[in-house]
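The next block is entry30.csv, given as CSV, C-alpha atoms and all ligand atoms.
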```csv
chain,number,residue,atom,x,y,z
A,1,MET,CA,-15.9,26.5,27.6
A,2,LYS,CA,-14.9,23.2,29.1
A,3,ARG,CA,-17.8,23.3,31.6
A,4,ARG,CA,-20.2,24.2,28.8
A,5,HIS,CA,-19.1,21.3,26.7
A,6,PHE,CA,-19.5,18.9,29.6
A,7,ILE,CA,-23.1,20.1,30.2
A,8,SER,CA,-23.9,19.7,26.5
A,9,LEU,CA,-22.8,16.1,26.7
A,10,VAL,CA,-25.1,15.3,29.7
A,11,GLY,CA,-28.0,16.4,27.5
A,12,LEU,CA,-28.9,19.8,29.0
A,13,GLY,CA,-27.3,21.6,26.1
A,14,ALA,CA,-28.6,19.4,23.4
A,15,ALA,CA,-31.4,21.8,22.6
A,16,ALA,CA,-28.9,24.3,21.3
A,17,ALA,CA,-27.1,21.8,19.2
A,18,CYS,CA,-27.0,21.7,15.4
A,19,ALA,CA,-29.5,19.5,13.6
A,20,PRO,CA,-28.1,16.4,11.8
A,21,GLY,CA,-26.2,17.2,8.7
A,22,ALA,CA,-27.0,16.9,5.0
A,23,LYS,CA,-29.7,19.6,5.1
A,24,SER,CA,-29.9,23.1,3.6
A,25,ASP,CA,-29.1,26.1,5.7
A,26,SER,CA,-32.8,27.2,5.9
A,27,ASN,CA,-33.8,23.8,7.2
A,28,LYS,CA,-31.0,23.9,9.7
A,29,GLN,CA,-32.4,27.1,11.1
A,30,GLU,CA,-35.9,25.6,11.3
A,31,ASP,CA,-34.6,22.5,13.1
A,32,LYS,CA,-32.6,24.6,15.5
A,33,LYS,CA,-35.8,26.5,16.5
A,34,ALA,CA,-37.7,23.2,16.8
A,35,LEU,CA,-35.0,21.7,19.0
A,36,LYS,CA,-35.2,24.5,21.4
A,37,THR,CA,-38.4,23.1,22.8
A,38,ALA,CA,-37.0,19.5,23.1
A,39,PRO,CA,-35.2,18.9,26.4
A,40,VAL,CA,-33.1,15.9,25.5
A,41,SER,CA,-33.1,15.6,21.8
A,42,GLY,CA,-31.1,16.5,18.7
A,43,HIS,CA,-27.7,15.2,17.9
A,44,PHE,CA,-24.6,17.3,17.3
A,45,PHE,CA,-20.9,16.9,16.6
A,46,PRO,CA,-19.2,18.0,19.7
A,47,ALA,CA,-16.1,20.2,19.9
A,48,LEU,CA,-12.9,18.4,21.1
A,49,PRO,CA,-12.5,19.5,24.8
A,50,TYR,CA,-8.8,20.2,24.3
A,51,ALA,CA,-6.2,20.9,21.6
A,52,TYR,CA,-5.1,18.1,19.2
A,53,ASN,CA,-1.7,18.1,20.8
A,54,ALA,CA,-2.9,18.3,24.5
A,55,LEU,CA,-2.5,14.6,25.2
A,56,GLU,CA,1.1,14.3,23.8
A,57,PRO,CA,3.2,12.3,24.2
A,58,HIS,CA,0.7,9.7,25.3
A,59,ILE,CA,-1.6,10.3,22.3
A,60,ASP,CA,0.1,12.0,19.4
A,61,VAL,CA,-1.2,15.0,17.6
A,62,GLU,CA,-1.6,13.2,14.2
A,63,THR,CA,-3.6,10.4,15.7
A,64,MET,CA,-5.9,12.9,17.4
A,65,GLU,CA,-6.5,15.0,14.3
A,66,LEU,CA,-7.4,11.9,12.2
A,67,HIS,CA,-9.3,10.2,14.9
A,68,TYR,CA,-11.5,13.2,15.7
A,69,ASP,CA,-11.8,15.0,12.4
A,70,LYS,CA,-12.0,12.0,10.1
A,71,HIS,CA,-13.2,8.9,12.0
A,72,HIS,CA,-15.5,10.5,14.6
A,73,ARG,CA,-16.9,13.0,12.2
A,74,GLY,CA,-17.5,10.2,9.7
A,75,TYR,CA,-19.5,8.2,12.2
A,76,PHE,CA,-21.6,11.3,13.0
A,77,LYS,CA,-22.3,12.1,9.3
A,78,LYS,CA,-23.3,8.5,8.6
A,79,PHE,CA,-25.4,8.3,11.7
A,80,SER,CA,-27.1,11.6,10.7
A,81,ALA,CA,-27.8,10.2,7.2
A,82,ALA,CA,-29.2,6.9,8.7
A,83,ILE,CA,-31.7,8.7,10.9
A,84,GLU,CA,-32.7,11.5,8.6
A,85,ASP,CA,-36.4,12.1,8.5
A,86,THR,CA,-37.1,9.5,11.2
A,87,SER,CA,-38.1,9.9,14.8
A,88,LEU,CA,-34.6,9.1,15.8
A,89,GLU,CA,-33.6,12.6,14.9
A,90,THR,CA,-35.1,13.7,18.2
A,91,THR,CA,-34.5,10.6,20.2
A,92,ALA,CA,-31.9,10.7,23.0
A,93,MET,CA,-29.0,8.3,22.4
A,94,ARG,CA,-29.8,6.2,25.5
A,95,ASP,CA,-33.2,5.5,24.0
A,96,VAL,CA,-31.7,4.8,20.6
A,97,PHE,CA,-29.4,2.2,22.1
A,98,ALA,CA,-32.0,0.7,24.4
A,99,GLU,CA,-33.7,-0.6,21.2
A,100,VAL,CA,-30.8,-0.5,18.8
A,101,SER,CA,-31.5,-4.1,17.6
A,102,LYS,CA,-34.7,-2.7,15.9
A,103,HIS,CA,-32.9,0.1,14.0
A,104,GLY,CA,-30.5,-1.7,11.7
A,105,LEU,CA,-26.7,-1.9,11.4
A,106,ALA,CA,-26.2,1.6,10.1
A,107,VAL,CA,-27.7,3.1,13.3
A,108,ARG,CA,-25.9,0.6,15.5
A,109,ASN,CA,-22.5,1.0,14.0
A,110,ASN,CA,-22.5,4.7,13.3
A,111,GLY,CA,-24.6,5.7,16.3
A,112,GLY,CA,-22.2,3.8,18.5
A,113,GLY,CA,-19.2,5.3,16.8
A,114,TYR,CA,-20.7,8.8,17.2
A,115,TYR,CA,-21.5,8.3,20.9
A,116,ASN,CA,-18.5,6.2,22.1
A,117,HIS,CA,-16.0,8.8,20.8
A,118,MET,CA,-17.8,11.6,22.7
A,119,LEU,CA,-17.4,9.6,25.9
A,120,PHE,CA,-13.8,8.8,25.0
A,121,TRP,CA,-12.7,12.4,24.4
A,122,GLU,CA,-14.4,13.5,27.6
A,123,ASN,CA,-12.8,10.8,29.8
A,124,MET,CA,-9.3,12.0,28.8
A,125,SER,CA,-7.5,15.2,29.8
A,126,PRO,CA,-3.9,16.4,30.1
A,127,GLU,CA,-4.7,17.2,33.8
A,128,GLY,CA,-5.3,13.6,34.9
A,129,GLY,CA,-6.5,13.6,38.5
A,130,GLU,CA,-7.5,10.6,40.6
A,131,PRO,CA,-10.6,8.7,41.5
A,132,SER,CA,-12.8,10.2,44.2
A,133,ALA,CA,-12.9,8.5,47.6
A,134,ARG,CA,-16.3,7.0,46.9
A,135,LEU,CA,-15.3,5.6,43.5
A,136,LEU,CA,-12.1,4.3,44.9
A,137,SER,CA,-13.8,2.4,47.7
A,138,HIS,CA,-16.3,0.9,45.2
A,139,LEU,CA,-13.4,-0.1,42.9
A,140,VAL,CA,-11.5,-1.7,45.8
A,141,LYS,CA,-14.7,-3.5,46.9
A,142,ASN,CA,-15.3,-4.9,43.4
A,143,PHE,CA,-11.8,-5.6,42.2
A,144,LYS,CA,-9.9,-6.0,45.5
A,145,SER,CA,-7.5,-3.1,44.8
A,146,PHE,CA,-7.0,-0.2,42.5
A,147,ASP,CA,-4.1,-2.0,40.8
A,148,ALA,CA,-6.2,-5.1,40.3
A,149,PHE,CA,-8.9,-2.9,38.7
A,150,LYS,CA,-6.3,-1.5,36.3
A,151,ASP,CA,-5.0,-4.9,35.5
A,152,ALA,CA,-8.5,-6.2,34.7
A,153,PHE,CA,-9.2,-3.1,32.5
A,154,PHE,CA,-5.9,-3.6,30.7
A,155,LYS,CA,-6.6,-7.2,30.1
A,156,ALA,CA,-10.1,-6.5,28.7
A,157,ALA,CA,-8.6,-3.8,26.4
A,158,LYS,CA,-5.6,-5.9,25.3
A,159,THR,CA,-7.5,-9.1,24.6
A,160,ARG,CA,-10.5,-7.6,22.7
A,161,PHE,CA,-10.0,-9.4,19.4
A,162,GLY,CA,-10.0,-7.1,16.4
A,163,SER,CA,-11.7,-3.7,16.8
A,164,GLY,CA,-13.7,-2.5,19.8
A,165,TRP,CA,-13.7,-0.9,23.2
A,166,ALA,CA,-13.1,-1.7,26.9
A,167,TRP,CA,-15.4,-0.2,29.5
A,168,LEU,CA,-15.8,0.3,33.2
A,169,ILE,CA,-19.5,0.2,33.9
A,170,LEU,CA,-22.0,0.4,36.7
A,171,THR,CA,-24.6,-2.3,36.3
A,172,ASP,CA,-28.3,-2.1,37.4
A,173,ASP,CA,-27.4,-3.9,40.6
A,174,ARG,CA,-24.7,-1.2,41.4
A,175,GLU,CA,-21.7,-3.4,40.7
A,176,LEU,CA,-18.7,-2.0,38.9
A,177,LYS,CA,-17.8,-4.3,36.1
A,178,ILE,CA,-15.3,-4.3,33.2
A,179,VAL,CA,-16.5,-5.4,29.8
A,180,SER,CA,-15.4,-5.1,26.3
A,181,THR,CA,-17.5,-4.7,23.2
A,182,ALA,CA,-16.8,-5.4,19.5
A,183,ASN,CA,-16.8,-2.8,16.7
A,184,GLN,CA,-18.8,0.3,17.9
A,185,ASP,CA,-21.1,-1.5,20.3
A,186,ASN,CA,-21.5,-0.1,23.8
A,187,PRO,CA,-22.9,-1.3,27.2
A,188,LEU,CA,-26.1,0.8,26.7
A,189,MET,CA,-27.1,-1.3,23.7
A,190,ASP,CA,-29.8,-4.1,23.9
A,191,VAL,CA,-27.5,-6.4,21.9
A,192,VAL,CA,-24.7,-6.7,24.4
A,193,GLU,CA,-24.2,-9.4,27.0
A,194,THR,CA,-23.7,-7.2,30.0
A,195,LYS,CA,-25.4,-3.9,30.2
A,196,GLY,CA,-24.5,-0.9,32.4
A,197,ILE,CA,-23.8,2.8,32.5
A,198,PRO,CA,-20.4,3.7,31.0
A,199,LEU,CA,-18.0,5.4,33.4
A,200,LEU,CA,-14.7,5.0,31.6
A,201,THR,CA,-13.8,3.8,28.1
A,202,ILE,CA,-10.8,3.2,25.9
A,203,ASP,CA,-10.9,2.8,22.1
A,204,VAL,CA,-8.8,-0.1,21.0
A,205,TRP,CA,-9.4,0.1,17.2
A,206,GLU,CA,-6.0,0.2,15.5
A,207,HIS,CA,-6.8,3.8,14.3
A,208,ALA,CA,-6.7,4.9,17.9
A,209,TYR,CA,-3.0,4.0,18.3
A,210,TYR,CA,-1.3,2.6,15.3
A,211,LEU,CA,0.6,5.7,14.1
A,212,ASN,CA,2.4,6.0,17.4
A,213,TYR,CA,2.4,2.5,18.9
A,214,GLN,CA,2.1,0.3,15.8
A,215,ASN,CA,1.1,-3.2,16.9
A,216,LYS,CA,1.9,-2.6,20.6
A,217,ARG,CA,-1.6,-2.1,21.9
A,218,GLY,CA,-0.4,-2.8,25.4
A,219,ASN,CA,1.9,0.2,25.4
A,220,TYR,CA,-1.0,2.4,24.3
A,221,ILE,CA,-3.2,1.1,27.1
A,222,ASN,CA,-0.5,1.7,29.7
A,223,ALA,CA,0.0,5.3,28.4
A,224,PHE,CA,-3.8,5.9,28.5
A,225,TRP,CA,-3.7,5.9,32.4
A,226,ASN,CA,-1.6,9.1,32.2
A,227,VAL,CA,-4.5,11.0,30.5
A,228,VAL,CA,-7.6,9.6,32.2
A,229,ASN,CA,-9.8,12.4,33.3
A,230,TRP,CA,-10.9,11.2,36.7
A,231,LYS,CA,-12.9,14.3,37.3
A,232,VAL,CA,-15.3,13.2,34.5
A,233,VAL,CA,-15.2,9.6,35.6
A,234,ASN,CA,-16.1,10.6,39.2
A,235,LYS,CA,-19.0,12.7,37.9
A,236,ARG,CA,-20.3,9.9,35.7
A,237,PHE,CA,-20.1,7.6,38.7
A,238,GLU,CA,-22.1,9.9,41.0
A,239,LYS,CA,-24.8,10.3,38.2
A,240,ALA,CA,-24.8,6.5,37.6
A,241,LEU,CA,-25.5,5.8,41.3
A,242,LYS,CA,-28.7,7.8,40.7
A,243,GLY,CA,-29.5,5.8,37.6
A,244,GLU,CA,-28.5,8.7,35.3
A,245,TRP,CA,-26.1,8.9,32.4
A,246,LEU,CA,-24.9,10.9,29.5
A,247,GLY,CA,-27.1,12.0,26.5
A,301,MN,MN,-12.1,5.4,17.2
```
Can you give me the file's structure in the form of structure tokens?
Ligand code: MN
Amino acid sequence: MKRRHFISLVGLGAAAACAPGAKSDSNKQEDKKALKTAPVSGHFFPALPYAYNALEPHIDVETMELHYDKHHRGYFKKFSAAIEDTSLETTAMRDVFAEVSKHGLAVRNNGGGYYNHMLFWENMSPEGGEPSARLLSHLVKNFKSFDAFKDAFFKAAKTRFGSGWAWLILTDDRELKIVSTANQDNPLMDVVETKGIPLLTIDVWEHAYYLNYQNKRGNYINAFWNVVNWKVVNKRFEKALKGEWLG
């Protein structure tokens, strides 16, 4: 199940995904058939890869329920509505983001919200793990030490003013960099200052931590390290070295 879900996020399983919402059942069936012939297209609301309480005590069950079932689902619904009956219904997210400045704010904000949360759920797990030898050596090369990398990531997440995300990315010149984006922007979008392939991300909107941590964003970021799914980050890094990324 977990493996299947991961495959679906890298695009291979997208053909079997549900068509965007707000359609009748018969239309949904027709769209499903049509999507079977499209290799990397169609958008779907993904299953959470673990139980709502799986990341306790670091991320509490109530936050997870609201965050996934209300916030993330809301972005997906609004994104689906924004792209209904347009060519974006069958455009891979990476291609949507590559020209997001042309598509208007509803696509930018809700498409980002839809996609960013998929990455976020996937890069957490109760099992933790550690960076691969290759990723670790790149982190040390770019940030001097693993602790220095964590400090820089913490700082980017902590100091993002208002709502947004912090990211570890691999840039086109194969440098690991830490960036933060406002609102639901991400480093694949043509509107951001520093582009790159996302490897690890943390949501620092207040809805991601306020129930448990209130105004103490720093405590939430520190707790996040306990649930980072390094297996997924390692896989993203290996793909990114080949110029590939999710969905
Ligand atoms: Mn969020």
One-decimal distance in Å that lies between atom CA of Lys231 of chain A and atom CA of Lys141 of chain A: 20.3 Å
Could you tell me, counting all atoms listed in the file, which protein and nucleic acid residues lie no more than 9 Å from ligand MN 301 (chain A), written as an mmCIF file with C-alpha atoms, keeping the file's coordinate frame?
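Resulting contents of result-v5.cif:
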```cif
data_model
loop_
_atom_site.group_PDB
_atom_site.id
_atom_site.type_symbol
_atom_site.label_atom_id
_atom_site.label_comp_id
_atom_site.auth_asym_id
_atom_site.auth_seq_id
_atom_site.Cartn_x
_atom_site.Cartn_y
_atom_site.Cartn_z
ATOM 1 C CA HIS A 67 -9.300 10.200 14.900
ATOM 2 C CA TYR A 68 -11.500 13.200 15.700
ATOM 3 C CA HIS A 71 -13.200 8.900 12.000
ATOM 4 C CA HIS A 72 -15.500 10.500 14.600
ATOM 5 C CA GLY A 113 -19.200 5.300 16.800
ATOM 6 C CA ASN A 116 -18.500 6.200 22.100
ATOM 7 C CA HIS A 117 -16.000 8.800 20.800
ATOM 8 C CA PHE A 120 -13.800 8.800 25.000
ATOM 9 C CA GLY A 164 -13.700 -2.500 19.800
ATOM 10 C CA TRP A 165 -13.700 -0.900 23.200
ATOM 11 C CA GLN A 184 -18.800 0.300 17.900
ATOM 12 C CA ASP A 203 -10.900 2.800 22.100
ATOM 13 C CA VAL A 204 -8.800 -0.100 21.000
ATOM 14 C CA TRP A 205 -9.400 0.100 17.200
ATOM 15 C CA GLU A 206 -6.000 0.200 15.500
ATOM 16 C CA HIS A 207 -6.800 3.800 14.300
ATOM 17 C CA ALA A 208 -6.700 4.900 17.900
#
```
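One finds atom CA of Val179 of chain A at 6.6 Å from atom CA of Ala156 of chain A.
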Selection near segment 73-89 of chain A, 10 Å with only C-alpha atoms, sequence-local residues under 6 positions removed, as an mmCIF file with C-alpha atoms, in the coordinates of the input:
```cif
data_model
loop_
_atom_site.group_PDB
_atom_site.id
_atom_site.type_symbol
_atom_site.label_atom_id
_atom_site.label_comp_id
_atom_site.auth_asym_id
_atom_site.auth_seq_id
_atom_site.Cartn_x
_atom_site.Cartn_y
_atom_site.Cartn_z
ATOM 1 C CA ALA A 19 -29.500 19.500 13.600
ATOM 2 C CA PRO A 20 -28.100 16.400 11.800
ATOM 3 C CA GLY A 21 -26.200 17.200 8.700
ATOM 4 C CA ALA A 22 -27.000 16.900 5.000
ATOM 5 C CA LYS A 23 -29.700 19.600 5.100
ATOM 6 C CA SER A 41 -33.100 15.600 21.800
ATOM 7 C CA GLY A 42 -31.100 16.500 18.700
ATOM 8 C CA HIS A 43 -27.700 15.200 17.900
ATOM 9 C CA PHE A 44 -24.600 17.300 17.300
ATOM 10 C CA PHE A 45 -20.900 16.900 16.600
ATOM 11 C CA PRO A 46 -19.200 18.000 19.700
ATOM 12 C CA LEU A 66 -7.400 11.900 12.200
ATOM 13 C CA HIS A 67 -9.300 10.200 14.900
ATOM 14 C CA ASP A 95 -33.200 5.500 24.000
ATOM 15 C CA VAL A 96 -31.700 4.800 20.600
ATOM 16 C CA HIS A 103 -32.900 0.100 14.000
ATOM 17 C CA GLY A 104 -30.500 -1.700 11.700
ATOM 18 C CA LEU A 105 -26.700 -1.900 11.400
ATOM 19 C CA ALA A 106 -26.200 1.600 10.100
ATOM 20 C CA VAL A 107 -27.700 3.100 13.300
ATOM 21 C CA ARG A 108 -25.900 0.600 15.500
ATOM 22 C CA ASN A 109 -22.500 1.000 14.000
ATOM 23 C CA ASN A 110 -22.500 4.700 13.300
ATOM 24 C CA GLY A 111 -24.600 5.700 16.300
ATOM 25 C CA GLY A 112 -22.200 3.800 18.500
ATOM 26 C CA GLY A 113 -19.200 5.300 16.800
ATOM 27 C CA TYR A 114 -20.700 8.800 17.200
ATOM 28 C CA TYR A 115 -21.500 8.300 20.900
ATOM 29 C CA HIS A 117 -16.000 8.800 20.800
ATOM 30 C CA GLN A 184 -18.800 0.300 17.900
#
```
Grab the atom CA of Thr90 of chain A to atom CA of Trp245 of chain A distance for me, in Å with one decimal place. 17.5 Å
For segment 89-133 of chain A against segment 210-223 of chain A, with a cut-off of 12 Å and counting only C-alpha atoms, what is the closest atom pair and its distance in Å to one decimal for every residue that makes the cut, ordered by chain and number, as CSV?
```
residue,atom,partner,partner_atom,distance
A:Met124,CA,A:Ala223,CA,11.5
A:Pro126,CA,A:Ala223,CA,11.9
A:Gly128,CA,A:Ala223,CA,11.8
```
Show me, as a PDB file with C-alpha atoms, in the frame of the given file, the residues that have an atom within 10 Å of Pro57 of chain A when counting all atoms listed in the file, minus same-chain residues fewer than 2 positions from it.
```pdb
ATOM      1  CA  ASN A  53      -1.700  18.100  20.800  1.00  0.00           C
ATOM      2  CA  ALA A  54      -2.900  18.300  24.500  1.00  0.00           C
ATOM      3  CA  LEU A  55      -2.500  14.600  25.200  1.00  0.00           C
ATOM      4  CA  ILE A  59      -1.600  10.300  22.300  1.00  0.00           C
ATOM      5  CA  ASP A  60       0.100  12.000  19.400  1.00  0.00           C
ATOM      6  CA  VAL A  61      -1.200  15.000  17.600  1.00  0.00           C
ATOM      7  CA  ASN A 212       2.400   6.000  17.400  1.00  0.00           C
ATOM      8  CA  ALA A 223       0.000   5.300  28.400  1.00  0.00           C
ATOM      9  CA  ASN A 226      -1.600   9.100  32.200  1.00  0.00           C
TER      10      ASN A 226
END
```
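If you count all atoms listed in the file and draw a sphere of 8 Å around (-17.9, -4.3, 26.1), the protein and nucleic acid residues inside it come out as Gly164, Trp165, Ala166, Trp167, Ile178, Val179, Ser180, Thr181, Ala182, Asp185, Asn186, Pro187, Val192 and Thr194 of chain A.
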Would you kindly identify which residues have an atom no farther than 12 Å from (-26.1, -6.1, 41.1), using only C-alpha atoms and the file's own coordinates, and write them out as a count of residues only? 14
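Distances here use only C-alpha atoms; by that measure, the residue among A:Asp147, A:Glu56, A:Glu65, A:Glu193 closest to Glu127 of chain A is A:Glu56.
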